[in-house]
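**Q** For reference, the file coords-v9.cif (mmCIF, C-alpha atoms) is included below:
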```cif
data_model
#
loop_
_atom_site.label_atom_id
_atom_site.label_comp_id
_atom_site.auth_asym_id
_atom_site.auth_seq_id
_atom_site.Cartn_x
_atom_site.Cartn_y
_atom_site.Cartn_z
CA MET E 148 27.54 25.66 5.20
CA GLU E 149 28.72 27.18 1.90
CA TYR E 150 26.59 26.81 -1.18
CA LYS E 151 25.78 28.65 -4.36
CA ARG E 152 22.99 31.15 -3.91
CA ILE E 153 20.24 30.54 -6.46
CA GLU E 154 17.62 33.10 -7.39
CA PRO E 155 14.44 31.04 -7.57
CA ALA E 156 12.38 31.03 -10.72
CA THR E 157 8.85 32.23 -10.04
CA LEU E 158 5.51 31.93 -11.72
CA LYS E 159 1.95 32.71 -10.72
CA ILE E 160 -0.86 30.16 -10.50
CA ASP E 161 -4.23 31.63 -11.39
CA VAL E 162 -6.24 32.43 -8.29
CA GLU E 163 -9.22 30.53 -9.74
CA LYS E 164 -7.16 27.33 -9.70
CA LEU E 165 -6.42 27.85 -6.01
CA ALA E 166 -10.08 28.10 -5.04
CA PRO E 167 -10.29 24.44 -3.85
CA ILE E 168 -7.64 25.00 -1.16
CA TYR E 169 -8.92 28.32 0.22
CA THR E 170 -10.98 28.14 3.39
CA PRO E 171 -11.72 30.71 6.12
CA GLU E 172 -9.47 28.64 8.39
CA LEU E 173 -6.56 28.87 5.94
CA ASP E 174 -7.05 32.64 5.74
CA SER E 175 -6.95 32.81 9.54
CA LEU E 176 -3.77 30.73 9.66
CA VAL E 177 -1.96 32.94 7.14
CA GLU E 178 -3.13 36.08 8.93
CA ILE E 179 -1.63 34.86 12.22
CA PHE E 180 1.79 34.40 10.59
CA LYS E 181 1.64 37.78 8.83
CA LYS E 182 0.64 39.49 12.07
CA ASN E 183 3.74 38.04 13.75
CA ASP E 184 6.12 38.81 10.84
CA PHE E 185 6.81 35.20 9.83
CA GLU E 186 6.67 33.81 6.32
CA ILE E 187 4.50 30.80 5.55
CA ARG E 188 4.18 28.97 2.22
CA VAL E 189 2.57 25.83 0.86
CA ALA E 190 5.33 23.25 0.37
CA GLY E 191 6.11 20.18 -1.69
CA GLY E 192 3.52 17.84 -3.12
CA ALA E 193 0.55 20.18 -2.93
CA VAL E 194 2.33 22.72 -5.15
CA ARG E 195 3.24 19.95 -7.58
CA ASP E 196 -0.37 18.77 -7.75
CA LEU E 197 -1.73 22.29 -8.30
CA LEU E 198 0.68 22.79 -11.20
CA MET E 199 -0.56 19.52 -12.69
CA GLY E 200 -4.19 20.58 -12.35
CA ILE E 201 -4.85 18.15 -9.50
CA ASN E 202 -6.66 19.18 -6.32
CA PRO E 203 -4.23 18.27 -3.51
CA HIS E 204 -5.51 15.92 -0.81
CA ASP E 205 -3.29 17.45 1.85
CA LEU E 206 -1.61 20.80 2.35
CA ASP E 207 1.80 20.94 4.00
CA PHE E 208 3.22 24.29 5.03
CA ALA E 209 6.75 25.56 5.64
CA THR E 210 7.64 28.61 7.70
CA THR E 211 10.52 30.73 8.93
CA ALA E 212 9.14 30.50 12.48
CA THR E 213 10.73 27.99 14.84
CA PRO E 214 8.54 25.48 16.72
CA GLU E 215 8.92 27.53 19.92
CA GLN E 216 7.96 30.72 18.13
CA MET E 217 4.91 29.00 16.62
CA LYS E 218 3.81 27.67 19.99
CA GLU E 219 4.12 31.10 21.60
CA MET E 220 2.28 32.66 18.69
CA PHE E 221 -0.62 30.18 18.74
CA GLU E 222 -0.93 30.41 22.52
CA ARG E 223 -1.26 34.19 22.27
CA GLU E 224 -3.94 33.73 19.64
CA ASN E 225 -5.74 31.08 21.73
CA VAL E 226 -5.28 28.47 18.99
CA ARG E 227 -5.29 24.86 20.14
CA MET E 228 -2.37 22.68 19.03
CA ILE E 229 -2.61 18.92 18.56
CA ASN E 230 -0.31 15.97 17.77
CA THR E 231 2.88 17.06 19.53
CA LYS E 232 4.85 14.09 18.14
CA GLY E 233 6.10 16.10 15.18
CA GLU E 234 7.60 18.90 17.26
CA LYS E 235 11.11 17.42 17.41
CA HIS E 236 11.16 17.46 13.58
CA GLY E 237 9.94 21.04 13.54
CA THR E 238 6.24 20.40 12.90
CA ILE E 239 3.45 22.12 14.82
CA THR E 240 -0.21 21.31 14.10
CA PRO E 241 -2.66 24.11 14.97
CA ARG E 242 -6.41 23.50 14.83
CA ILE E 243 -8.02 26.65 13.51
CA ASN E 244 -11.56 27.60 14.59
CA ASP E 245 -11.83 24.05 15.94
CA LYS E 246 -12.53 22.97 12.33
CA GLU E 247 -9.33 22.41 10.36
CA ASN E 248 -5.84 21.14 11.20
CA PHE E 249 -2.72 22.42 9.46
CA GLU E 250 0.76 20.89 9.63
CA VAL E 251 3.33 23.68 9.63
CA THR E 252 7.04 22.79 9.62
CA THR E 253 10.01 25.05 10.26
CA LEU E 254 12.50 25.36 7.41
CA ARG E 255 15.40 23.01 8.15
CA ILE E 256 18.59 21.45 6.93
CA ASP E 257 19.94 17.95 7.54
CA VAL E 258 23.02 18.17 9.75
CA THR E 259 23.72 14.41 9.81
CA THR E 260 22.04 11.46 8.12
CA ASP E 261 22.44 7.69 8.47
CA GLY E 262 20.50 6.54 5.43
CA ARG E 263 17.27 6.29 7.42
CA HIS E 264 16.89 9.33 9.68
CA ALA E 265 18.34 12.82 9.86
CA GLU E 266 19.37 15.19 12.62
CA VAL E 267 17.97 18.56 11.60
CA GLN E 268 18.82 22.19 12.24
CA PHE E 269 16.29 24.97 11.77
CA THR E 270 16.90 27.77 9.28
CA THR E 271 15.16 30.74 7.68
CA ASP E 272 16.67 29.99 4.26
CA TRP E 273 14.12 28.66 1.78
CA GLN E 274 16.80 27.44 -0.62
CA LEU E 275 18.51 25.33 2.03
CA ASP E 276 15.20 23.63 2.83
CA ALA E 277 14.50 23.03 -0.86
CA ASN E 278 17.97 21.53 -1.23
CA ARG E 279 17.30 18.80 1.38
CA ARG E 280 14.18 17.51 -0.40
CA ASP E 281 14.27 14.39 -2.53
CA LEU E 282 12.97 15.31 -5.99
CA THR E 283 12.87 18.59 -7.88
CA ILE E 284 9.11 18.26 -8.36
CA ASN E 285 8.72 18.10 -4.56
CA SER E 286 11.04 21.04 -3.78
CA LEU E 287 8.59 23.82 -4.69
CA PHE E 288 7.02 26.45 -2.43
CA MET E 289 3.98 28.67 -3.02
CA ASP E 290 2.79 31.86 -1.37
CA LEU E 291 -0.92 32.04 -0.75
CA ASP E 292 -1.26 34.57 -3.58
CA GLY E 293 -0.26 31.79 -6.00
CA THR E 294 3.41 32.75 -6.49
CA VAL E 295 5.51 29.59 -6.93
CA PHE E 296 9.20 29.58 -5.94
CA ASP E 297 11.33 27.06 -7.84
CA TYR E 298 15.01 26.62 -6.96
CA PHE E 299 15.81 23.43 -8.90
CA ASN E 300 13.82 23.55 -12.14
CA GLY E 301 10.96 21.52 -10.71
CA VAL E 302 8.32 23.39 -12.72
CA GLN E 303 10.05 22.52 -15.98
CA HIS E 304 10.43 18.89 -14.90
CA ILE E 305 6.69 18.74 -14.20
CA LYS E 306 6.01 20.06 -17.71
CA GLU E 307 8.40 17.48 -19.15
CA ARG E 308 7.01 14.76 -16.84
CA ARG E 309 10.55 13.98 -15.61
CA VAL E 310 11.46 12.66 -12.17
CA ILE E 311 14.86 14.05 -11.15
CA PHE E 312 16.63 14.10 -7.79
CA VAL E 313 17.58 17.46 -6.30
CA GLY E 314 21.29 17.97 -6.96
CA ASP E 315 23.41 14.80 -6.90
CA ALA E 316 21.21 11.69 -7.03
CA ALA E 317 23.60 9.48 -5.04
CA THR E 318 23.83 12.05 -2.24
CA ARG E 319 20.05 12.37 -2.00
CA ILE E 320 19.65 8.58 -1.95
CA GLN E 321 22.29 8.06 0.73
CA GLU E 322 20.51 10.55 2.99
CA ASP E 323 17.50 8.19 3.04
CA TYR E 324 17.58 4.98 0.99
CA LEU E 325 13.78 4.88 0.91
CA ARG E 326 14.09 7.58 -1.75
CA ILE E 327 14.90 4.78 -4.19
CA LEU E 328 11.33 3.53 -3.91
CA ARG E 329 9.95 7.08 -3.80
CA TYR E 330 11.61 7.69 -7.14
CA PHE E 331 9.69 4.78 -8.71
CA ARG E 332 6.42 5.78 -7.03
CA PHE E 333 6.60 9.34 -8.35
CA TYR E 334 7.71 8.11 -11.75
CA GLY E 335 4.41 6.24 -11.95
CA ARG E 336 2.51 9.39 -10.98
CA ILE E 337 4.37 11.88 -13.18
CA SER E 338 5.73 10.21 -16.30
CA GLU E 339 3.75 9.87 -19.52
CA GLU E 340 5.90 6.94 -20.70
CA ALA E 341 6.52 3.56 -19.07
CA ASN E 342 10.29 3.47 -19.73
CA SER E 343 11.87 6.90 -20.10
CA HIS E 344 14.15 6.81 -17.06
CA ASP E 345 17.22 9.00 -16.87
CA ALA E 346 20.22 6.65 -17.24
CA GLU E 347 22.34 8.49 -14.66
CA THR E 348 19.50 8.29 -12.12
CA LEU E 349 19.15 4.52 -12.59
CA ASN E 350 22.91 4.10 -12.23
CA ALA E 351 22.86 6.04 -8.95
CA ILE E 352 20.04 3.81 -7.72
CA ARG E 353 21.80 0.63 -8.91
CA ASN E 354 24.93 1.60 -6.97
CA ASN E 355 22.97 2.13 -3.76
CA VAL E 356 20.28 -0.57 -3.71
CA SER E 357 21.90 -2.43 -0.81
CA GLY E 358 21.03 0.52 1.41
CA LEU E 359 17.40 -0.59 1.29
CA SER E 360 18.36 -3.41 3.67
CA ARG E 361 18.62 -0.75 6.38
CA ILE E 362 15.07 0.51 5.88
CA SER E 363 12.23 -0.90 7.96
CA GLY E 364 9.77 -3.25 6.28
CA GLU E 365 6.83 -1.01 7.16
CA ARG E 366 8.35 1.98 5.34
CA ILE E 367 9.26 -0.17 2.33
CA TRP E 368 5.77 -1.65 2.08
CA THR E 369 4.13 1.79 2.28
CA GLU E 370 6.01 2.84 -0.86
CA LEU E 371 5.97 -0.52 -2.65
CA ARG E 372 2.21 -0.85 -2.27
CA LYS E 373 1.71 2.49 -4.03
CA ILE E 374 4.05 1.44 -6.84
CA LEU E 375 2.15 -1.82 -7.33
CA GLU E 376 -1.21 -0.02 -7.49
CA GLY E 377 -0.01 2.88 -9.65
CA ASN E 378 0.69 3.55 -13.31
CA TYR E 379 3.25 1.34 -15.09
CA ALA E 380 3.40 -0.98 -12.08
CA GLY E 381 4.60 -3.98 -14.07
CA GLU E 382 7.16 -2.03 -16.05
CA LEU E 383 8.50 -0.33 -12.92
CA ILE E 384 8.81 -3.61 -11.02
CA ASN E 385 10.74 -5.10 -13.95
CA VAL E 386 13.18 -2.18 -13.86
CA MET E 387 13.52 -2.61 -10.09
CA ILE E 388 14.33 -6.29 -10.66
CA GLU E 389 16.86 -5.48 -13.37
CA ILE E 390 18.83 -3.10 -11.11
CA GLY E 391 18.90 -5.55 -8.20
CA ILE E 392 16.33 -4.29 -5.71
CA PRO E 393 14.34 -7.52 -4.91
CA GLU E 394 16.71 -9.25 -2.46
CA PHE E 395 16.89 -6.14 -0.27
CA ILE E 396 13.13 -5.81 0.16
CA GLY E 397 12.26 -9.46 0.89
CA LEU E 398 11.63 -10.78 -2.61
CA PRO E 399 13.50 -13.71 -4.20
CA LYS E 400 16.83 -12.58 -5.67
CA THR E 401 15.84 -13.83 -9.13
CA PRO E 402 12.03 -13.89 -9.27
CA ASN E 403 10.07 -15.47 -12.11
CA THR E 404 9.75 -12.44 -14.37
CA GLU E 405 7.98 -14.38 -17.13
CA ARG E 406 5.12 -15.32 -14.82
CA PHE E 407 5.07 -11.81 -13.36
CA SER E 408 4.70 -10.30 -16.83
CA THR E 409 1.73 -12.59 -17.47
CA VAL E 410 0.09 -11.56 -14.21
CA TRP E 411 0.66 -7.87 -15.01
CA LYS E 412 -0.97 -8.37 -18.41
CA ASN E 413 -3.93 -10.02 -16.63
CA LEU E 414 -4.33 -7.17 -14.15
CA LYS E 415 -3.95 -4.16 -16.44
CA GLY E 416 -7.14 -2.15 -16.37
CA GLN E 417 -8.52 -4.09 -13.38
CA LYS E 418 -9.04 -2.88 -9.83
CA TYR E 419 -6.74 -5.15 -7.85
CA ASN E 420 -5.02 -5.44 -4.50
CA ALA E 421 -1.27 -4.70 -4.55
CA ILE E 422 -0.65 -8.20 -3.18
CA THR E 423 -2.39 -9.72 -6.20
CA LEU E 424 0.31 -8.34 -8.49
CA LEU E 425 3.15 -8.88 -6.01
CA ALA E 426 2.18 -12.57 -5.78
CA GLY E 427 3.35 -12.93 -9.39
CA LEU E 428 6.91 -12.77 -8.04
CA ILE E 429 6.33 -15.47 -5.41
CA SER E 430 6.51 -19.19 -6.22
CA THR E 431 6.38 -20.98 -2.86
CA GLU E 432 4.85 -20.69 0.58
CA GLU E 433 8.35 -20.27 2.01
CA GLU E 434 9.01 -17.26 -0.25
CA ALA E 435 5.66 -15.78 0.77
CA LEU E 436 6.44 -16.08 4.47
CA LEU E 437 9.93 -14.61 4.01
CA LEU E 438 8.40 -11.63 2.22
CA HIS E 439 5.86 -11.20 5.01
CA LYS E 440 8.64 -11.33 7.60
CA ARG E 441 10.52 -8.55 5.78
CA LEU E 442 7.62 -6.24 4.94
CA LYS E 443 5.47 -6.82 8.05
CA LEU E 444 2.33 -7.30 5.97
CA SER E 445 -1.05 -7.16 7.69
CA ALA E 446 -2.66 -10.51 8.53
CA TYR E 447 -5.11 -9.99 5.66
CA GLU E 448 -2.33 -9.25 3.15
CA ARG E 449 -0.22 -12.19 4.37
CA ASP E 450 -3.15 -14.58 4.01
CA LEU E 451 -4.05 -13.24 0.56
CA LEU E 452 -0.45 -13.78 -0.56
CA LEU E 453 -0.47 -17.34 0.77
CA PHE E 454 -3.91 -17.99 -0.75
CA ILE E 455 -2.84 -16.97 -4.27
CA THR E 456 0.48 -18.82 -3.91
CA LEU E 457 -1.39 -22.00 -2.89
CA HIS E 458 -4.17 -21.88 -5.50
CA HIS E 459 -2.86 -20.25 -8.67
CA GLU E 460 -1.40 -23.49 -10.10
CA ARG E 461 -4.23 -25.88 -9.22
CA LYS E 462 -5.18 -27.98 -12.25
CA TRP E 463 -8.67 -26.57 -12.37
CA ALA E 464 -7.15 -23.09 -12.16
CA MET E 465 -4.89 -23.71 -15.14
CA LYS E 466 -7.00 -25.63 -17.66
CA PRO E 467 -9.80 -23.73 -19.45
CA LEU E 468 -13.20 -25.42 -19.76
CA ASN E 469 -13.57 -24.55 -23.44
CA ASP E 470 -11.81 -22.97 -26.41
CA LYS E 471 -13.03 -19.51 -25.36
CA GLY E 472 -10.66 -19.66 -22.42
CA GLU E 473 -13.50 -19.85 -19.89
CA PHE E 474 -12.86 -21.69 -16.63
CA TYR E 475 -15.15 -23.81 -14.51
CA LEU E 476 -16.67 -21.63 -11.80
CA ARG E 477 -17.69 -24.24 -9.21
CA PRO E 478 -14.20 -24.99 -7.81
CA TYR E 479 -13.91 -21.32 -6.93
CA GLN E 480 -17.37 -21.28 -5.42
CA ALA E 481 -16.35 -24.35 -3.43
CA ILE E 482 -13.31 -22.55 -2.01
CA VAL E 483 -15.62 -19.86 -0.68
CA ALA E 484 -18.38 -22.18 0.48
CA LEU E 485 -15.99 -24.56 2.26
CA SER E 486 -14.30 -21.76 4.15
CA ARG E 487 -15.36 -21.72 7.79
CA ASP E 488 -12.85 -19.37 9.43
CA LYS E 489 -12.94 -16.28 7.21
CA PRO E 490 -15.73 -16.63 4.64
CA LYS E 491 -15.87 -12.91 3.77
CA ASP E 492 -12.10 -12.67 3.36
CA THR E 493 -11.97 -15.92 1.39
CA LYS E 494 -14.53 -14.59 -1.06
CA GLU E 495 -12.45 -11.43 -1.57
CA TRP E 496 -9.28 -13.50 -1.97
CA THR E 497 -10.99 -15.72 -4.56
CA VAL E 498 -11.94 -12.62 -6.55
CA GLN E 499 -8.30 -11.52 -6.47
CA LEU E 500 -7.11 -15.02 -7.45
CA LEU E 501 -9.35 -14.96 -10.51
CA LEU E 502 -8.01 -11.54 -11.51
CA HIS E 503 -4.49 -12.87 -10.96
CA ILE E 504 -5.02 -15.74 -13.44
CA GLY E 505 -6.77 -13.54 -16.00
CA GLN E 506 -10.44 -14.31 -15.39
CA PRO E 507 -12.07 -10.93 -14.64
CA SER E 508 -15.60 -12.00 -15.69
CA MET E 509 -15.47 -14.94 -13.28
CA ALA E 510 -14.08 -12.65 -10.60
CA GLN E 511 -17.15 -10.46 -11.05
CA GLN E 512 -19.43 -13.52 -10.82
CA ILE E 513 -17.86 -14.54 -7.54
CA GLU E 514 -18.08 -10.99 -6.24
CA ASP E 515 -21.78 -10.84 -7.12
CA TRP E 516 -22.49 -14.36 -5.89
CA GLU E 517 -24.57 -14.63 -2.74
CA VAL E 518 -23.06 -17.57 -0.89
CA PRO E 519 -25.82 -20.06 0.03
CA LYS E 520 -26.18 -21.07 3.64
CA PHE E 521 -25.00 -24.57 4.50
CA PRO E 522 -28.20 -26.37 5.55
CA VAL E 523 -26.74 -28.64 8.28
CA ASN E 524 -25.63 -27.45 11.70
CA GLY E 525 -23.73 -29.04 14.58
CA HIS E 526 -26.85 -30.02 16.51
CA MET E 527 -28.17 -31.97 13.54
CA MET E 528 -24.87 -33.83 13.13
CA LYS E 529 -24.72 -34.73 16.84
CA GLU E 530 -28.31 -35.92 16.72
CA HIS E 531 -27.50 -38.38 13.93
CA ALA E 532 -24.03 -39.33 15.20
CA PRO E 533 -24.01 -38.77 18.98
CA GLU E 534 -20.90 -40.89 19.53
CA ILE E 535 -18.39 -38.71 17.60
CA ASN E 536 -16.14 -36.17 19.35
CA GLY E 537 -15.32 -32.53 18.54
CA LYS E 538 -12.51 -33.12 16.03
CA GLN E 539 -14.46 -35.87 14.29
CA LEU E 540 -17.45 -33.57 14.17
CA GLY E 541 -15.40 -30.97 12.29
CA ILE E 542 -14.26 -33.58 9.75
CA LEU E 543 -17.85 -34.74 9.31
CA GLY E 544 -18.95 -31.17 8.66
CA GLN E 545 -16.32 -30.75 5.96
CA GLU E 546 -17.34 -34.02 4.26
CA LEU E 547 -20.96 -32.93 4.21
CA ARG E 548 -19.99 -29.53 2.82
CA LYS E 549 -18.07 -31.22 -0.01
CA MET E 550 -21.13 -33.29 -0.89
CA TRP E 551 -23.20 -30.12 -0.82
CA THR E 552 -20.84 -28.17 -3.11
CA ASP E 553 -20.56 -31.15 -5.51
CA SER E 554 -24.33 -30.96 -5.98
CA ASP E 555 -24.07 -27.27 -6.93
CA PHE E 556 -25.39 -26.43 -3.44
CA LYS E 557 -28.73 -28.06 -4.23
CA THR E 558 -28.75 -30.93 -1.73
CA ASP E 559 -30.96 -30.02 1.25
CA ALA E 560 -30.60 -30.90 4.93
CA GLU E 561 -32.93 -33.88 4.71
CA ASP E 562 -30.78 -35.59 2.08
CA LEU E 563 -27.48 -34.64 3.69
CA VAL E 564 -28.30 -36.05 7.15
CA LYS E 565 -29.00 -39.45 5.55
CA HIS E 566 -25.26 -39.70 4.88
CA ILE E 567 -24.21 -38.87 8.44
CA PRO E 568 -24.28 -42.40 9.95
CA HIS E 569 -22.01 -44.07 7.39
CA LEU E 570 -19.73 -41.03 7.16
CA ALA E 571 -19.43 -41.01 10.93
CA GLU E 572 -18.38 -44.67 10.95
CA GLU E 573 -15.71 -44.04 8.33
CA ILE E 574 -14.41 -41.03 10.26
CA LYS E 575 -14.27 -42.95 13.55
CA GLU E 576 -12.26 -45.65 11.83
CA LYS E 577 -9.82 -43.24 10.16
CA PHE E 578 -9.60 -40.79 13.06
CA PRO E 579 -10.22 -42.76 16.28
CA ALA E 580 -10.84 -40.79 19.43
CA LYS E 581 -7.85 -40.72 21.78
CA ALA E 582 -8.28 -43.04 24.75
CA ALA E 583 -8.51 -41.35 28.12
CA LYS E 584 -5.15 -41.29 29.93
CA SER E 585 -4.91 -43.88 32.71
CA GLY E 586 -3.88 -43.14 36.28
CA LYS E 587 -6.13 -40.08 36.63
CA SER E 588 -8.96 -40.26 39.07
CA LYS E 589 -12.34 -38.98 38.08
CA LYS E 590 -13.73 -36.22 40.23
#
```
Starting from the file, give its structure as structure tokens.

**A**
Amino acid sequence: MEYKRIEPATLKIDVEKLAPIYTPELDSLVEIFKKNDFEIRVAGGAVRDLLMGINPHDLDFATTATPEQMKEMFERENVRMINTKGEKHGTITPRINDKENFEVTTLRIDVTTDGRHAEVQFTTDWQLDANRRDLTINSLFMDLDGTVFDYFNGVQHIKERRVIFVGDAATRIQEDYLRILRYFRFYGRISEEANSHDAETLNAIRNNVSGLSRISGERIWTELRKILEGNYAGELINVMIEIGIPEFIGLPKTPNTERFSTVWKNLKGQKYNAITLLAGLISTEEEALLLHKRLKLSAYERDLLLFITLHHERKWAMKPLNDKGEFYLRPYQAIVALSRDKPKDTKEWTVQLLLHIGQPSMAQQIEDWEVPKFPVNGHMMKEHAPEINGKQLGILGQELRKMWTDSDFKTDAEDLVKHIPHLAEEIKEKFPAKAAKSGKSKK
């Protein structure tokens, strides 16, 4: 492969700033590589974070040693290796002193790509490895003495808070279309302005958005969730809509941006679930289920999306109680109190619903509210209406719960059971028990 040799720009990070990442185990790891004449450097996001004054959560390492050479080296040093799944991609994970794991990946180049995955070839060329990475701010390497190696002006882009693809944007995107969403995620982390995108970058994304249809829902949701919970989430989603991304990730082709903007205004400054903001783009149960099918949401996330979609336009959810914009709390308490299947989840969903419609103080009240215990149980209902069957019993329980919530949860068991006989008669009339099928002998 022919390419222009670049002399990397270098700078030195003060050793004091590196103190959080240094451990005896890291020293041992570096010493093993030095002893065996292989280079090892911190790679990617951890270098970016250190330059931004952020303590990195994870350290990823790159090396000139091949996976086989690393395995031989660690075996000689009696170092245990774990998680062999990454080996085919060049990653070996040694556990040093039985205390700390380190992911170390051989320098590599992409030989072929299909927009989702790449066939790789190992190399000892740091520039070639940097060239295959997505963004300039993620293409940095650092020696353990603090020397940073920068092939594509990533350090300057960090200073300028710019998110730029390495080399040609379209080429990088076509290697893995998920990089479209990674661009927006890192924009939210890096940029100091909500809308200062590079026009050429957005054009490259716009021309390649259909490639997202080839990316699995799980990978899309991993990135999209972080966008929704990050800085400038509303502004970034609006840009994504404008350049045509929604239909390729499971959203309606032309979502209701006016409602979404209102929801984003409601959620700014609040601690919310990503689904709570995403629901602003969903209008119907059908749209919610189509999105779930595409993104493979968890059961909790799917049910939260359906819950907000079902409840956000209820009359009592739309009409304030007074001119201060305050809403009536009891309908929301009733949702929680009447829930039998998932009371804990329903309470959390109700909090998110209230944030969604711009009622943070009520959301806090629901979160702090200790749900009272329903005073009537199944035995008490059967005692006062022995003739009703299982399904009728469930309906009776719901009717009693409604009476209880309508009284602000003040009606006690003694008063509630007085209503059981006449309620049971009404239920038997409306929902008669199915007659036993004839022709079957009793045993």

**Q** Using all atoms listed in the file, which residue out of E:Thr238, E:Asn403, E:Gln303, E:Ser508 lies closest to Arg255 of chain E?

**A**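 For Arg255 of chain E, the nearest of the candidates is E:Thr238.
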
**Q** List every protein, DNA or RNA residue that has an atom no more than 7 Å from (10.0, 18.5, -11.8) in the file's coordinate frame, counting all atoms listed in the file, and report them as number ranges by chain.

**A** E: 283-284, 300-305, 308-311

**Q** At a cut-off of 12 Å, using all atoms listed in the file, what residues contact Thr260 of chain E? Leave out same-chain residues fewer than 3 positions from it and give the result as a list in words.

**A**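 Within the cut-off, the hits are Ile256, Asp257, Arg263, His264, Ala265, Glu266, Val267, Gln268, Arg279, Thr318, Arg319, Ile320, Gln321, Glu322, Asp323 and Tyr324 of chain E.
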
**Q** Could you check which of E:Pro155, E:Pro241, E:Gly544, E:Pro507 is closest to Lys412 of chain E, using all atoms listed in the file?

**A** E:Pro507

**Q** Quick one: which residues end up in the PyMOL selection byres ((chain E and resi 337) around 10) for this structure, as a ChimeraX atom specification?

**A** /E:195-196,199,284,304-310,331-336,338-340,378

**Q** Take the residues from that selection and put them in a file with C-alpha atoms, as a PDB file, in the coordinates of the input.

**A**
```
ATOM      1  CA  ARG E 195       3.240  19.950  -7.580  1.00  0.00           C
ATOM      2  CA  ASP E 196      -0.370  18.770  -7.750  1.00  0.00           C
ATOM      3  CA  MET E 199      -0.560  19.520 -12.690  1.00  0.00           C
ATOM      4  CA  ILE E 284       9.110  18.260  -8.360  1.00  0.00           C
ATOM      5  CA  HIS E 304      10.430  18.890 -14.900  1.00  0.00           C
ATOM      6  CA  ILE E 305       6.690  18.740 -14.200  1.00  0.00           C
ATOM      7  CA  LYS E 306       6.010  20.060 -17.710  1.00  0.00           C
ATOM      8  CA  GLU E 307       8.400  17.480 -19.150  1.00  0.00           C
ATOM      9  CA  ARG E 308       7.010  14.760 -16.840  1.00  0.00           C
ATOM     10  CA  ARG E 309      10.550  13.980 -15.610  1.00  0.00           C
ATOM     11  CA  VAL E 310      11.460  12.660 -12.170  1.00  0.00           C
ATOM     12  CA  PHE E 331       9.690   4.780  -8.710  1.00  0.00           C
ATOM     13  CA  ARG E 332       6.420   5.780  -7.030  1.00  0.00           C
ATOM     14  CA  PHE E 333       6.600   9.340  -8.350  1.00  0.00           C
ATOM     15  CA  TYR E 334       7.710   8.110 -11.750  1.00  0.00           C
ATOM     16  CA  GLY E 335       4.410   6.240 -11.950  1.00  0.00           C
ATOM     17  CA  ARG E 336       2.510   9.390 -10.980  1.00  0.00           C
ATOM     18  CA  SER E 338       5.730  10.210 -16.300  1.00  0.00           C
ATOM     19  CA  GLU E 339       3.750   9.870 -19.520  1.00  0.00           C
ATOM     20  CA  GLU E 340       5.900   6.940 -20.700  1.00  0.00           C
ATOM     21  CA  ASN E 378       0.690   3.550 -13.310  1.00  0.00           C
TER      22      ASN E 378
END
```

**Q** How would you write, as a list of chain:residue names, the residues chosen by the PyMOL selection byres ((chain E and resi 383) around 9) on this structure?

**A** E:Phe331, E:Arg332, E:Tyr334, E:Gly335, E:Ala341, E:Asn342, E:Ile374, E:Leu375, E:Asn378, E:Tyr379, E:Ala380, E:Gly381, E:Glu382, E:Ile384, E:Asn385, E:Val386, E:Met387, E:Ile388

**Q** Residues within 12 Å of segment 547-563 of chain E, please, as number ranges by chain. Count all atoms listed in the file; anything in the same chain fewer than 5 positions from it doesn't count.

**A** E: 476-487, 517-525, 527-528, 531, 540-542, 568-571

**Q** Pick out the closest residue to Ile327 of chain E from this set: E:Ile367, E:Asp245, E:Leu457, E:Phe288. Count all atoms listed in the file.

**A**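 For Ile327 of chain E, the nearest of the candidates is E:Ile367.
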
**Q** Which residue gives the smallest distance to Arg366 of chain E among E:Leu442, E:Leu501, E:Leu424, E:Val410, with all atoms listed in the file counted?

**A**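 That would be E:Leu442, the residue with the smallest distance to Arg366 of chain E.
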
**Q** Taking into account all atoms listed in the file, which residue in the set E:Asn244, E:Thr431, E:Asn413, E:Thr210 is nearest to Phe180 of chain E?

**A** E:Thr210

**Q** Care to translate the PyMOL selection byres ((chain E and resi 535) around 9) into actual residues of this file, as a VMD selection string?

**A** chain E and resid 529 532 to 534 536 to 540 571 to 572 574 to 575 580

**Q** What is the atom CA of Asp205 of chain E to atom CA of Lys418 of chain E distance in Å?

**A**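 Computed distance, atom CA of Asp205 of chain E to atom CA of Lys418 of chain E, equals 24.1 Å.
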
**Q** For a cutoff of 12 Å around the file-coordinate point (-8.4, 32.4, 19.8), which residues qualify once you count all atoms listed in the file? I'd like the result as a ChimeraX atom specification.

**A** /E:175-176,179,220-228,241-245

**Q** Taking into account all atoms listed in the file, which residue in the set E:Ile201, E:Ala193, E:Asn183, E:Glu514 is nearest to Met217 of chain E?

**A** E:Asn183

**Q** Could you pull the residues within 10 Å of Asn354 of chain E, counting only C-alpha atoms, minus those fewer than 6 positions along the same chain, as a list in words?

**A**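 These residues fall inside the cut-off: Ala317, Ile390 and Gly391 of chain E.
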
**Q** Quick one: pull the distance between atom CA of Ala351 of chain E and atom CA of Asp276 of chain E, Å, one decimal.

**A**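 A separation of 22.5 Å between them.
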
**Q** Could you name the residues that touch Leu197 of chain E at 10 Å or less, counting only C-alpha atoms, but leaving out those on the same chain fewer than 5 positions away, as a list in words?

**A**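 Here the qualifying residues turn out to be Ile160, Lys164, Leu165, Pro167, Ile168, Gly192, Asn202, Pro203 and Gly293 of chain E.
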
**Q** Near Leu425 of chain E, counting all atoms listed in the file, which residues have an atom at most 12 Å away, once you skip same-chain residues fewer than 2 positions from it, shown as a PyMOL selection string?

**A** chain E and resi 368+371-376+380-381+384-385+393+397-399+402-404+406-408+410-411+414+419-423+427-430+434-435+438-439+448-449+451-453+455-456+499+503
